[in-house]
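Engineer: Below is structure.cif; it holds mmCIF, C-alpha atoms and all ligand atoms.
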data_data
#
loop_
_atom_site.label_atom_id
_atom_site.label_comp_id
_atom_site.auth_asym_id
_atom_site.auth_seq_id
_atom_site.Cartn_x
_atom_site.Cartn_y
_atom_site.Cartn_z
CA MET V 32 -23.30 -11.93 0.73
CA PRO V 33 -24.96 -8.58 1.53
CA ALA V 34 -26.61 -6.84 -1.42
CA ASN V 35 -24.11 -3.98 -1.50
CA GLU V 36 -21.06 -6.30 -1.93
CA LYS V 37 -22.70 -8.18 -4.73
CA ASN V 38 -23.72 -4.93 -6.38
CA PHE V 39 -20.24 -3.48 -6.03
CA ILE V 40 -18.70 -6.33 -8.01
CA LYS V 41 -21.62 -6.38 -10.46
CA ASP V 42 -21.48 -2.61 -10.97
CA ASN V 43 -17.71 -2.60 -11.37
CA ILE V 44 -17.25 -5.83 -13.32
CA GLU V 45 -15.86 -3.89 -16.28
CA LEU V 46 -12.84 -2.97 -14.11
CA LEU V 47 -11.94 -6.58 -13.42
CA CYS V 48 -10.04 -9.19 -15.40
CA CYS V 49 -8.71 -12.66 -14.78
CA PRO V 50 -5.38 -12.45 -12.88
CA LYS V 51 -4.25 -15.65 -14.60
CA CYS V 52 -4.85 -14.79 -18.29
CA ARG V 53 -6.37 -11.24 -18.21
CA GLY V 54 -9.60 -12.52 -19.83
CA TYR V 55 -13.08 -11.14 -19.02
CA LEU V 56 -14.71 -12.20 -15.76
CA VAL V 57 -18.39 -12.92 -15.30
CA LEU V 58 -20.22 -12.97 -11.98
CA GLU V 59 -22.31 -16.07 -11.31
CA LYS V 60 -23.82 -16.49 -7.85
CA GLN V 61 -20.82 -16.45 -5.44
CA ASN V 62 -18.21 -16.93 -8.14
CA LEU V 63 -16.27 -15.00 -10.70
CA THR V 64 -15.44 -17.06 -13.77
CA CYS V 65 -13.02 -16.27 -16.57
CA GLN V 66 -14.64 -16.41 -19.99
CA ASN V 67 -11.28 -17.13 -21.57
CA CYS V 68 -9.54 -19.77 -19.41
CA ALA V 69 -12.60 -20.89 -17.32
CA GLN V 70 -10.71 -20.34 -14.05
CA ASN V 71 -13.12 -19.96 -11.12
CA TYR V 72 -12.63 -17.50 -8.27
CA SER V 73 -14.80 -17.65 -5.17
CA ILE V 74 -16.21 -14.72 -3.22
CA SER V 75 -16.19 -15.75 0.41
CA ASP V 76 -16.69 -13.70 3.57
CA HIS V 77 -17.56 -10.85 1.16
CA ILE V 78 -14.02 -10.84 -0.30
CA PRO V 79 -13.39 -11.94 -3.91
CA ARG V 80 -10.44 -14.36 -3.85
CA LEU V 81 -8.58 -13.20 -6.95
CA PHE V 82 -5.07 -14.08 -5.81
CA TRP V 83 -2.90 -15.68 -8.48
CA PRO V 84 0.76 -16.66 -7.88
CA ASN V 85 3.64 -15.05 -9.77
CA GLU V 86 4.63 -18.15 -11.78
CA TRP V 87 8.12 -16.73 -12.32
CA ASP V 88 11.05 -18.72 -13.58
CA PRO V 89 12.02 -21.00 -10.64
CA ALA V 90 15.51 -19.44 -10.69
CA LYS V 91 14.04 -16.04 -9.68
CA GLU V 92 13.60 -15.43 -5.94
CA ASP V 93 9.93 -15.18 -4.92
CA VAL V 94 9.14 -14.16 -1.31
CA THR V 95 5.36 -13.87 -1.82
CA GLU V 96 4.42 -17.01 0.13
CA LYS V 97 6.89 -16.23 2.93
CA ILE V 98 5.53 -12.66 3.27
CA LYS V 99 1.93 -13.86 3.07
CA THR V 100 2.49 -16.35 5.92
CA PHE V 101 4.17 -13.60 7.97
CA TYR V 102 1.30 -11.10 7.61
CA GLU V 103 -1.38 -13.79 8.03
CA GLU V 104 0.12 -14.31 11.52
CA THR V 105 0.45 -10.59 12.32
CA PRO V 106 -1.88 -8.46 10.18
CA PHE V 107 -0.57 -4.90 9.85
CA PRO V 108 -1.23 -2.24 11.10
CA ASP V 109 -4.25 -3.73 12.99
CA TYR V 110 -6.88 -1.59 14.77
CA ASP V 111 -7.03 -0.22 18.30
CA ASP V 112 -9.69 -1.96 20.41
CA PHE V 113 -11.94 1.09 20.55
CA ASP V 114 -11.69 2.07 16.87
CA ASN V 115 -14.78 3.20 15.01
CA VAL V 116 -15.24 5.46 12.02
CA GLY V 117 -15.00 8.59 14.19
CA SER V 118 -11.68 7.58 15.74
CA LEU V 119 -10.39 6.39 12.36
CA ILE V 120 -11.09 9.80 10.86
CA GLU V 121 -9.62 11.59 13.86
CA LYS V 122 -6.42 9.51 13.93
CA SER V 123 -5.96 9.52 10.17
CA ARG V 124 -6.36 13.28 9.99
CA GLN V 125 -3.77 13.75 12.76
CA GLY V 126 -1.24 12.45 10.23
CA ILE V 127 -0.66 15.43 7.93
CA PHE V 128 -0.24 13.22 4.89
CA ALA V 129 -3.52 11.28 5.18
CA LYS V 130 -5.30 14.56 5.92
CA LEU V 131 -3.90 16.19 2.78
CA LEU V 132 -4.88 13.15 0.72
CA ASP V 133 -8.41 13.29 2.08
CA ASP V 134 -8.67 17.03 1.47
CA GLN V 135 -7.22 16.95 -2.04
CA ILE V 136 -8.42 13.76 -3.76
CA PRO V 137 -11.64 14.79 -5.52
CA TYR V 138 -14.95 13.20 -4.54
CA GLY V 139 -15.94 10.54 -7.04
CA ALA V 140 -12.29 9.55 -7.74
CA ARG V 141 -11.60 5.85 -8.26
CA ILE V 142 -8.71 4.72 -6.07
CA LEU V 143 -6.87 1.41 -5.79
CA GLU V 144 -4.75 0.63 -2.76
CA CYS V 145 -2.35 -2.29 -3.24
CA GLY V 146 -1.07 -3.96 -0.09
CA CYS V 147 -3.75 -2.26 2.02
CA GLY V 148 -3.04 -4.46 5.06
CA THR V 149 -5.90 -4.06 7.55
CA GLY V 150 -7.45 -1.38 5.36
CA GLN V 151 -7.27 1.84 7.43
CA LEU V 152 -6.42 4.12 4.51
CA THR V 153 -8.91 2.48 2.13
CA ASN V 154 -11.70 2.73 4.71
CA PHE V 155 -10.74 6.30 5.64
CA LEU V 156 -10.61 7.60 2.06
CA SER V 157 -13.91 5.87 1.22
CA VAL V 158 -15.81 7.92 3.81
CA SER V 159 -15.85 10.97 1.51
CA ASN V 160 -17.76 9.52 -1.40
CA ARG V 161 -14.95 8.00 -3.43
CA ILE V 162 -14.73 4.46 -4.78
CA VAL V 163 -11.78 2.89 -2.98
CA ILE V 164 -10.66 -0.69 -3.56
CA GLY V 165 -8.21 -2.17 -1.06
CA THR V 166 -6.25 -5.24 -2.12
CA ASP V 167 -3.77 -7.47 -0.33
CA ILE V 168 -2.49 -11.04 -0.43
CA CYS V 169 -3.27 -11.59 3.24
CA ILE V 170 -6.79 -12.82 4.04
CA ASN V 171 -6.62 -12.15 7.79
CA SER V 172 -5.80 -8.48 7.12
CA LEU V 173 -8.56 -8.19 4.54
CA GLN V 174 -11.02 -9.77 6.94
CA MET V 175 -10.22 -7.14 9.58
CA ALA V 176 -10.58 -4.41 6.97
CA GLN V 177 -13.92 -5.89 5.89
CA ASN V 178 -15.18 -6.21 9.49
CA PHE V 179 -14.43 -2.54 10.08
CA LYS V 180 -16.13 -1.57 6.83
CA ASP V 181 -19.24 -3.66 7.69
CA LYS V 182 -19.48 -2.37 11.26
CA ASN V 183 -19.25 1.22 10.07
CA GLU V 184 -21.30 0.79 6.89
CA LEU V 185 -18.63 2.15 4.58
CA HIS V 186 -20.32 1.26 1.31
CA ASN V 187 -17.73 2.88 -0.96
CA ALA V 188 -14.89 0.59 0.15
CA GLN V 189 -14.36 -2.85 -1.37
CA PHE V 190 -11.71 -5.39 -0.42
CA ILE V 191 -10.24 -7.97 -2.80
CA GLN V 192 -7.50 -10.57 -2.37
CA MET V 193 -4.94 -9.84 -5.09
CA ASN V 194 -1.24 -10.24 -5.75
CA LEU V 195 0.06 -6.92 -7.11
CA PHE V 196 2.22 -8.80 -9.62
CA ARG V 197 -0.92 -10.48 -11.05
CA PRO V 198 -3.54 -7.71 -10.93
CA CYS V 199 -7.21 -8.54 -11.38
CA PHE V 200 -7.86 -5.13 -13.00
CA LYS V 201 -7.75 -3.99 -16.60
CA SER V 202 -5.17 -1.37 -17.57
CA ASP V 203 -5.77 2.41 -17.31
CA ARG V 204 -8.68 2.23 -14.84
CA PHE V 205 -7.71 4.24 -11.70
CA ASP V 206 -7.36 7.95 -10.94
CA LEU V 207 -4.92 7.08 -8.19
CA VAL V 208 -3.03 3.91 -7.28
CA ILE V 209 -1.54 3.84 -3.77
CA CYS V 210 1.11 1.38 -2.68
CA ASN V 211 2.46 2.37 0.70
CA GLY V 212 5.04 0.26 2.50
CA VAL V 213 4.61 -2.77 0.27
CA LEU V 214 7.01 -2.99 -2.69
CA HIS V 215 10.04 -3.26 -0.36
CA HIS V 216 8.52 -6.50 0.96
CA THR V 217 8.52 -8.07 -2.52
CA SER V 218 11.32 -9.76 -4.49
CA ASP V 219 11.19 -7.27 -7.36
CA PRO V 220 10.01 -3.75 -6.42
CA LEU V 221 10.63 -2.33 -9.91
CA LEU V 222 8.58 -5.08 -11.56
CA GLY V 223 5.87 -4.46 -8.94
CA PHE V 224 5.90 -0.75 -9.74
CA LYS V 225 5.57 -1.48 -13.47
CA SER V 226 2.66 -3.81 -12.81
CA LEU V 227 0.84 -1.13 -10.77
CA SER V 228 1.69 1.67 -13.20
CA ARG V 229 -0.38 -0.03 -15.92
CA LEU V 230 -3.52 0.28 -13.80
CA VAL V 231 -3.32 4.09 -13.62
CA LYS V 232 -5.47 6.08 -16.08
CA PRO V 233 -3.65 8.44 -18.46
CA ARG V 234 -3.07 11.66 -16.43
CA GLY V 235 -3.82 9.71 -13.25
CA TYR V 236 -1.43 9.41 -10.30
CA ILE V 237 0.58 6.80 -8.45
CA LEU V 238 1.74 7.12 -4.85
CA ILE V 239 4.56 4.91 -3.61
CA GLY V 240 5.90 4.67 -0.03
CA LEU V 241 9.22 2.87 0.43
CA TYR V 242 11.88 2.29 3.06
CA HIS V 243 14.74 4.70 2.58
CA LYS V 244 18.29 3.45 2.15
CA TYR V 245 19.66 5.86 4.81
CA GLY V 246 16.49 6.66 6.78
CA ARG V 247 16.29 3.02 7.78
CA ILE V 248 19.73 2.94 9.43
CA TYR V 249 18.38 3.56 12.96
CA THR V 250 15.84 0.76 12.59
CA ASP V 251 18.65 -1.53 11.43
CA ILE V 252 20.71 -0.64 14.50
CA ARG V 253 17.76 -1.25 16.82
CA ARG V 254 17.02 -4.58 15.08
CA PHE V 255 20.61 -5.64 15.76
CA LEU V 256 20.37 -4.57 19.43
CA PHE V 257 17.07 -6.40 19.86
CA ARG V 258 18.54 -9.53 18.34
CA ILE V 259 21.58 -9.63 20.61
CA SER V 260 19.51 -8.68 23.71
CA LYS V 261 16.78 -11.21 22.83
CA ASP V 262 14.31 -8.29 22.65
CA LYS V 263 15.08 -7.03 26.17
CA LEU V 264 15.90 -3.59 24.71
CA LYS V 265 12.54 -3.38 22.95
CA PHE V 266 11.79 -0.12 24.80
CA LEU V 267 14.28 1.64 22.49
CA ASP V 268 11.45 1.79 19.97
CA ARG V 269 9.04 4.29 21.54
CA ARG V 270 6.00 2.94 19.75
CA THR V 271 6.36 -0.50 21.31
CA ILE V 272 5.91 1.03 24.80
CA ASN V 273 3.21 3.57 23.96
CA LYS V 274 0.25 2.62 26.18
CA ASN V 275 -2.13 4.72 24.07
CA ILE V 276 -1.82 2.07 21.39
CA SER V 277 -3.52 -1.33 21.81
CA LYS V 278 -1.34 -4.35 22.61
CA ALA V 279 -2.21 -6.02 19.30
CA LYS V 280 -1.24 -2.92 17.37
CA ARG V 281 2.06 -2.53 19.25
CA LYS V 282 2.87 -6.17 18.54
CA ALA V 283 2.00 -5.71 14.85
CA TRP V 284 4.37 -2.71 14.67
CA PHE V 285 7.24 -4.49 16.43
CA THR V 286 6.90 -7.63 14.31
CA ASP V 287 6.57 -5.68 11.06
CA GLN V 288 9.61 -3.51 11.78
CA TYR V 289 12.00 -5.95 13.42
CA LYS V 290 11.02 -9.50 12.48
CA ASN V 291 10.08 -9.08 8.85
CA PRO V 292 11.43 -11.87 6.63
CA HIS V 293 12.17 -9.56 3.69
CA GLU V 294 12.77 -5.86 3.11
CA SER V 295 14.74 -3.75 0.64
CA LYS V 296 15.73 -0.08 0.77
CA HIS V 297 15.56 2.60 -1.91
CA THR V 298 16.26 6.23 -2.83
CA ILE V 299 14.32 9.02 -4.55
CA GLY V 300 16.85 8.96 -7.39
CA GLU V 301 16.16 5.27 -7.97
CA VAL V 302 12.39 5.85 -8.09
CA LEU V 303 12.93 8.67 -10.63
CA HIS V 304 14.40 6.03 -12.97
CA TRP V 305 11.35 3.82 -12.38
CA LEU V 306 9.11 6.76 -13.36
CA ASP V 307 11.10 7.45 -16.55
CA ASP V 308 10.88 3.79 -17.56
CA SER V 309 7.11 3.65 -17.06
CA GLY V 310 5.83 6.89 -18.64
CA PHE V 311 5.37 8.86 -15.38
CA SER V 312 6.58 12.31 -14.41
CA PHE V 313 7.62 13.32 -10.90
CA VAL V 314 5.09 15.38 -8.92
CA LYS V 315 6.09 15.36 -5.26
CA SER V 316 8.24 13.58 -2.73
CA ILE V 317 8.45 13.56 1.05
CA PRO V 318 11.09 14.59 1.89
CA LYS V 319 11.34 17.18 -0.87
CA PRO V 320 14.27 16.55 -3.24
CA VAL V 321 15.75 20.00 -2.60
CA PRO V 322 17.42 21.01 0.71
CA PHE V 323 15.65 23.38 3.12
CA GLU V 324 12.27 22.95 1.40
CA GLY V 325 9.91 21.69 4.07
CA PHE V 326 6.68 19.81 3.64
CA HIS V 327 3.86 22.08 4.80
CA GLU V 328 0.33 21.63 6.07
CA THR V 329 -0.87 23.60 3.05
CA GLU V 330 1.10 21.49 0.58
CA LYS V 331 -0.65 20.86 -2.75
CA LEU V 332 0.05 17.15 -3.16
CA PHE V 333 -0.78 16.93 -6.86
CA GLN V 334 0.92 20.17 -7.93
CA PRO V 335 4.31 19.35 -9.54
CA ASP V 336 7.56 20.23 -7.74
CA THR V 337 11.01 20.12 -9.26
CA PRO V 338 12.66 16.70 -8.94
CA GLY V 339 15.84 18.56 -7.99
CA THR V 340 19.26 17.51 -9.25
CA LYS V 341 21.47 14.59 -8.36
CA LEU V 342 23.37 16.93 -6.03
CA THR V 343 20.30 18.33 -4.21
CA ARG V 344 18.92 14.83 -3.77
CA ILE V 345 22.24 13.58 -2.40
CA MET V 346 22.18 16.47 0.09
CA VAL V 347 18.63 15.72 1.24
CA GLU V 348 18.93 11.96 1.26
CA SER V 349 22.32 11.72 2.94
CA SER V 350 21.06 14.00 5.76
CA LYS V 351 18.81 11.11 6.73
CA ILE V 352 21.90 9.41 8.10
CA LEU V 353 21.83 12.05 10.82
CA THR V 354 18.10 12.57 11.21
CA GLY V 355 16.56 9.19 10.28
CA SER V 356 13.21 9.94 8.71
CA GLY V 357 10.57 9.57 11.32
CA GLU V 358 9.25 6.23 12.47
CA GLY V 359 10.02 3.50 9.97
CA GLY V 360 12.53 5.42 7.82
CA PHE V 361 10.09 6.05 5.00
CA PHE V 362 9.89 8.23 1.91
CA ILE V 363 6.99 8.85 -0.44
CA VAL V 364 6.87 9.72 -4.14
CA ILE V 365 3.80 10.88 -6.08
CA ALA V 366 3.95 10.79 -9.90
CA LYS V 367 1.62 11.46 -12.84
CA LYS V 368 1.07 9.19 -15.84
CA THR V 369 2.09 11.31 -18.77
CA SER V 370 2.45 8.67 -21.47
CA PRO V 371 1.31 5.06 -21.85
CA ALA V 372 3.77 2.51 -20.37
C1 LIG Z 401 3.88 -3.20 5.96
S1 LIG Z 401 2.31 -3.74 5.39
C2 LIG Z 401 1.64 -2.18 4.83
C3 LIG Z 401 0.15 -2.08 5.03
C4 LIG Z 401 -0.46 -0.70 4.68
N1 LIG Z 401 -0.19 -0.32 3.32
C5 LIG Z 401 0.06 0.37 5.63
O1 LIG Z 401 0.76 1.27 5.17
O2 LIG Z 401 -0.25 0.30 6.81
C6 LIG Z 401 2.69 -4.55 3.86
C7 LIG Z 401 1.47 -5.22 3.22
O3 LIG Z 401 1.81 -5.59 1.87
C8 LIG Z 401 1.17 -6.79 1.57
N2 LIG Z 401 1.86 -7.43 0.42
C9 LIG Z 401 3.11 -7.93 0.38
N3 LIG Z 401 3.38 -8.45 -0.85
C10 LIG Z 401 2.26 -8.25 -1.60
C11 LIG Z 401 1.90 -8.57 -2.95
N4 LIG Z 401 2.73 -9.23 -3.76
N5 LIG Z 401 0.68 -8.21 -3.38
C12 LIG Z 401 -0.20 -7.54 -2.56
N6 LIG Z 401 0.09 -7.24 -1.28
C13 LIG Z 401 1.30 -7.58 -0.80
C14 LIG Z 401 1.29 -7.59 2.87
O4 LIG Z 401 0.38 -8.66 2.94
C15 LIG Z 401 1.05 -6.49 3.91
O5 LIG Z 401 -0.30 -6.42 4.28
ZN ZN Z 402 -8.48 -16.47 -17.36
#
Show the structure stored in the file as structure tokens.
Ligand SMILES: C[S@@+](CC[C@H](N)C(=O)[O-])C[C@H]1O[C@@H](n2cnc3c(N)ncnc32)[C@H](O)[C@@H]1O
Ligand SMILES: [Zn+2]
Structural biologist:
Amino acid sequence: MPANEKNFIKDNIELLCCPKCRGYLVLEKQNLTCQNCAQNYSISDHIPRLFWPNEWDPAKEDVTEKIKTFYEETPFPDYDDFDNVGSLIEKSRQGIFAKLLDDQIPYGARILECGCGTGQLTNFLSVSNRIVIGTDICINSLQMAQNFKDKNELHNAQFIQMNLFRPCFKSDRFDLVICNGVLHHTSDPLLGFKSLSRLVKPRGYILIGLYHKYGRIYTDIRRFLFRISKDKLKFLDRRTINKNISKAKRKAWFTDQYKNPHESKHTIGEVLHWLDDSGFSFVKSIPKPVPFEGFHETEKLFQPDTPGTKLTRIMVESSKILTGSGEGGFFIVIAKKTSPA
């Protein structure tokens, strides 16, 4: 294990806890051991293996293993063949949202990304002197994230295998917790949100990206057409035929969007209830919860907007039936922890 990995865990050991019993962990050689229940967790290929299963009542549906197997086969979003830190920065900053995050999250912030996949956002945000920890259940994705980090010497990024329902972090530790495109691939998105919300510091932020109930309609139609045409109509999704994207990355997109074994869909109104239940207040959403209010390149991501009213949200959200909502049918909510959960 290179010195910097070992130091990262050693220097940040006070953030960690046992995902099984939440006891203190100690670092011994290549292992983390729980002082309370004596459970041992290895650190291999530079990645601490702190995954612990949900252990829910057997009557409750649990898709974790199914989803893990799926993403182990097709890590998402994968890298383009020529990617390096320069192209990562360039591509990430082409997306207005990642650019705004990079511009507006203070240096020195401590960020946790849950369900980081192949780690693009974690690696990107770590370039500007922030501590960024990327976690996922899928080892193949984490390995790709780690390879990129090693090749580009991104010392402020750390990857850890973790199930977001059984976090290996103590409560109230992060300035920002990001969970983008993940909760809708779990059996219980609200429970997942509550689990993540505990990790946010008081007055810290959470950022959630979810499939939208109406924005996803076009993807659903395409999925149906692909199924009945045995994927002959694949070209209807422009990204799957975009030659500027590597073959592996196009395949990862197609599989993630159209062959995923589990996804759910949500609304801004629903997430507002999640926030109320967990001691968070609404800060921002994309799309904005009020009609005719666009999202601008100068947007202040952490400056509170109005959450709108039921009526304004219905107007904005139902318009997605006509417009979709960009590739993937996504929406994003940012919220601030205003009282302990
Ligand atoms: C669609 S990918 C999103 C990846 C990345 N956030 C992005 O936006 O490109 C979903 C990721 O969530 C991860 N995931 C699913 N269930 C999880 C869980 N219970 N705990 C942690 N990660 C999970 C999957 O392994 C997968 O890498
Ligand atoms: Zn323990």
Engineer: Residues up to 7 Å from ligand ZN 402 (chain Z), counting all atoms listed in the file: could you list those as a PDB file with C-alpha atoms, in the coordinates of the input?
Structural biologist:
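What follows is the written file out_13.pdb:
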ATOM      1  CA  CYS V  49      -8.710 -12.660 -14.780  1.00  0.00           C
ATOM      2  CA  PRO V  50      -5.380 -12.450 -12.880  1.00  0.00           C
ATOM      3  CA  LYS V  51      -4.250 -15.650 -14.600  1.00  0.00           C
ATOM      4  CA  CYS V  52      -4.850 -14.790 -18.290  1.00  0.00           C
ATOM      5  CA  ARG V  53      -6.370 -11.240 -18.210  1.00  0.00           C
ATOM      6  CA  GLY V  54      -9.600 -12.520 -19.830  1.00  0.00           C
ATOM      7  CA  CYS V  65     -13.020 -16.270 -16.570  1.00  0.00           C
ATOM      8  CA  GLN V  66     -14.640 -16.410 -19.990  1.00  0.00           C
ATOM      9  CA  ASN V  67     -11.280 -17.130 -21.570  1.00  0.00           C
ATOM     10  CA  CYS V  68      -9.540 -19.770 -19.410  1.00  0.00           C
ATOM     11  CA  ALA V  69     -12.600 -20.890 -17.320  1.00  0.00           C
ATOM     12  CA  GLN V  70     -10.710 -20.340 -14.050  1.00  0.00           C
TER      13      GLN V  70
END
Engineer: Hey, which residues sit close to ligand LIG 401 (chain Z)? Say within 6 Å, counting only C-alpha atoms and all ligand atoms, and write them as a VMD selection string.
Structural biologist: chain V and resid 95 99 102 107 to 108 145 to 148 167 to 169 193 to 196 211 to 213 216 to 217
Engineer: One decimal, in Å: what's the spacing between CA of Ile120 (chain V) and CA of Lys367 (chain V)?
Structural biologist: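 Taking CA of Ile120 (chain V) and CA of Lys367 (chain V), their separation equals 26.9 Å.
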Engineer: So which residues touch Pro106 (chain V) within 7 Å, counting only C-alpha atoms, skipping near sequence neighbours fewer than 5 positions away, as a list in words?
Structural biologist: Gly148, Thr149, Asn171, Ser172 and Ala283 of chain V
Engineer: Find the distance between CA of Glu96 (chain V) and CA of Ile162 (chain V) and write it in Å to one decimal.
Structural biologist: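 Computed distance, CA of Glu96 (chain V) to CA of Ile162 (chain V), equals 29.2 Å.
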Engineer: Can you find the residues with an atom no farther than 12 Å from (13.8, 4.7, -11.1), counting only C-alpha atoms, and report them as a list in words?
Structural biologist: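 Within the cut-off we find Pro220, Leu221, Leu222, Phe224, Lys225, Ile239, His297, Thr298, Ile299, Gly300, Glu301, Val302, Leu303, His304, Trp305, Leu306, Asp307, Asp308, Ser309, Gly310, Phe311, Ser312, Phe313, Val364 and Ala366 of chain V.
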Engineer: How about saving the chosen residues, C-alpha atoms kept, as a PDB file, in the coordinates of the input?
Structural biologist:
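Produced file part-v4.pdb, reproduced below:
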ATOM      1  CA  PRO V 220      10.010  -3.750  -6.420  1.00  0.00           C
ATOM      2  CA  LEU V 221      10.630  -2.330  -9.910  1.00  0.00           C
ATOM      3  CA  LEU V 222       8.580  -5.080 -11.560  1.00  0.00           C
ATOM      4  CA  PHE V 224       5.900  -0.750  -9.740  1.00  0.00           C
ATOM      5  CA  LYS V 225       5.570  -1.480 -13.470  1.00  0.00           C
ATOM      6  CA  ILE V 239       4.560   4.910  -3.610  1.00  0.00           C
ATOM      7  CA  HIS V 297      15.560   2.600  -1.910  1.00  0.00           C
ATOM      8  CA  THR V 298      16.260   6.230  -2.830  1.00  0.00           C
ATOM      9  CA  ILE V 299      14.320   9.020  -4.550  1.00  0.00           C
ATOM     10  CA  GLY V 300      16.850   8.960  -7.390  1.00  0.00           C
ATOM     11  CA  GLU V 301      16.160   5.270  -7.970  1.00  0.00           C
ATOM     12  CA  VAL V 302      12.390   5.850  -8.090  1.00  0.00           C
ATOM     13  CA  LEU V 303      12.930   8.670 -10.630  1.00  0.00           C
ATOM     14  CA  HIS V 304      14.400   6.030 -12.970  1.00  0.00           C
ATOM     15  CA  TRP V 305      11.350   3.820 -12.380  1.00  0.00           C
ATOM     16  CA  LEU V 306       9.110   6.760 -13.360  1.00  0.00           C
ATOM     17  CA  ASP V 307      11.100   7.450 -16.550  1.00  0.00           C
ATOM     18  CA  ASP V 308      10.880   3.790 -17.560  1.00  0.00           C
ATOM     19  CA  SER V 309       7.110   3.650 -17.060  1.00  0.00           C
ATOM     20  CA  GLY V 310       5.830   6.890 -18.640  1.00  0.00           C
ATOM     21  CA  PHE V 311       5.370   8.860 -15.380  1.00  0.00           C
ATOM     22  CA  SER V 312       6.580  12.310 -14.410  1.00  0.00           C
ATOM     23  CA  PHE V 313       7.620  13.320 -10.900  1.00  0.00           C
ATOM     24  CA  VAL V 364       6.870   9.720  -4.140  1.00  0.00           C
ATOM     25  CA  ALA V 366       3.950  10.790  -9.900  1.00  0.00           C
TER      26      ALA V 366
END
Engineer: Excluding region 360-363 of chain V and its own-chain neighbours fewer than 6 positions away, which residues fall within 6 Å of it when counting only C-alpha atoms? Please give them as a VMD selection string.
Structural biologist: chain V and resid 239 to 243 246 to 247 316 to 317
Engineer: Which distance in Å separates CA of Gly223 (chain V) and CA of Asp93 (chain V), to one decimal?
Structural biologist: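 Straight-line distance from CA of Gly223 (chain V) to CA of Asp93 (chain V) works out to 12.1 Å.
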Engineer: Enumerate, in order of chain and increasing residue number, the residues of region 152-234 of chain V with an atom no farther than 9 Å from region 129-141 of chain V, each with its shortest atom pair and distance in Å to one decimal, counting all atoms listed in the file, as JSON lines.
Structural biologist:
{"residue": "V:Leu152", "atom": "CA", "partner": "V:Ala129", "partner_atom": "CA", "distance": 7.8}
{"residue": "V:Phe155", "atom": "CA", "partner": "V:Asp133", "partner_atom": "CA", "distance": 8.2}
{"residue": "V:Leu156", "atom": "CA", "partner": "V:Asp133", "partner_atom": "CA", "distance": 6.1}
{"residue": "V:Ser159", "atom": "CA", "partner": "V:Tyr138", "partner_atom": "CA", "distance": 6.5}
{"residue": "V:Asn160", "atom": "CA", "partner": "V:Tyr138", "partner_atom": "CA", "distance": 5.6}
{"residue": "V:Arg161", "atom": "CA", "partner": "V:Gly139", "partner_atom": "CA", "distance": 4.5}
{"residue": "V:Ile162", "atom": "CA", "partner": "V:Arg141", "partner_atom": "CA", "distance": 4.9}
{"residue": "V:Val163", "atom": "CA", "partner": "V:Arg141", "partner_atom": "CA", "distance": 6.1}
{"residue": "V:Ile164", "atom": "CA", "partner": "V:Arg141", "partner_atom": "CA", "distance": 8.1}
{"residue": "V:Arg204", "atom": "CA", "partner": "V:Arg141", "partner_atom": "CA", "distance": 8.1}
{"residue": "V:Phe205", "atom": "CA", "partner": "V:Arg141", "partner_atom": "CA", "distance": 5.4}
{"residue": "V:Asp206", "atom": "CA", "partner": "V:Arg141", "partner_atom": "CA", "distance": 5.4}
{"residue": "V:Leu207", "atom": "CA", "partner": "V:Arg141", "partner_atom": "CA", "distance": 6.8}
{"residue": "V:Val208", "atom": "CA", "partner": "V:Arg141", "partner_atom": "CA", "distance": 8.8}
Engineer: Point out the residue among V:Lys296, V:Lys232, V:Lys91, V:Lys368 with the least atom-to-atom distance to Val314 (chain V), counting only C-alpha atoms.
Structural biologist: V:Lys368
Engineer: Can you work out which one of V:Asp219, V:Asp181, V:Glu328, V:Glu92 has the shortest atom-to-atom distance to Arg124 (chain V), counting all atoms listed in the file?
Structural biologist: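 Of V:Asp219, V:Asp181, V:Glu328, V:Glu92, the one nearest Arg124 (chain V) is V:Glu328, counting all atoms listed in the file.
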Engineer: Excluding region 255-257 of chain V and residues on its chain fewer than 3 positions from it, collect all residues at most 12 Å away from it, counting all atoms listed in the file, and give them as a VMD selection string.
Structural biologist: chain V and resid 248 to 252 260 to 268 285 to 286 288 to 290
Engineer: Can you list, as JSON, numbers by chain, every protein, DNA or RNA residue that comes within 7 Å of Pro233 (chain V) when you count only C-alpha atoms, leaving out same-chain residues fewer than 3 positions away?
Structural biologist: {"V": [203, 368, 369, 370, 371]}
Engineer: Find the residue from V:Asp111, V:Asp76, V:Asp88, V:Glu348 that sits nearest to Gln192 (chain V); use only C-alpha atoms when measuring.
Structural biologist: V:Asp76
Engineer: With a distance cut-off of 7 Å and all atoms listed in the file, select the neighbouring residues of Lys280 (chain V), excluding the residue or stretch itself and same-chain residues fewer than 2 positions from it, and output the selection as a list of chain:residue names.
Structural biologist: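 Final neighbour list, sorted by chain and number: V:Pro108, V:Asp109, V:Tyr110, V:Asp111, V:Ile276, V:Ser277, V:Lys278, V:Lys282, V:Ala283, V:Trp284.
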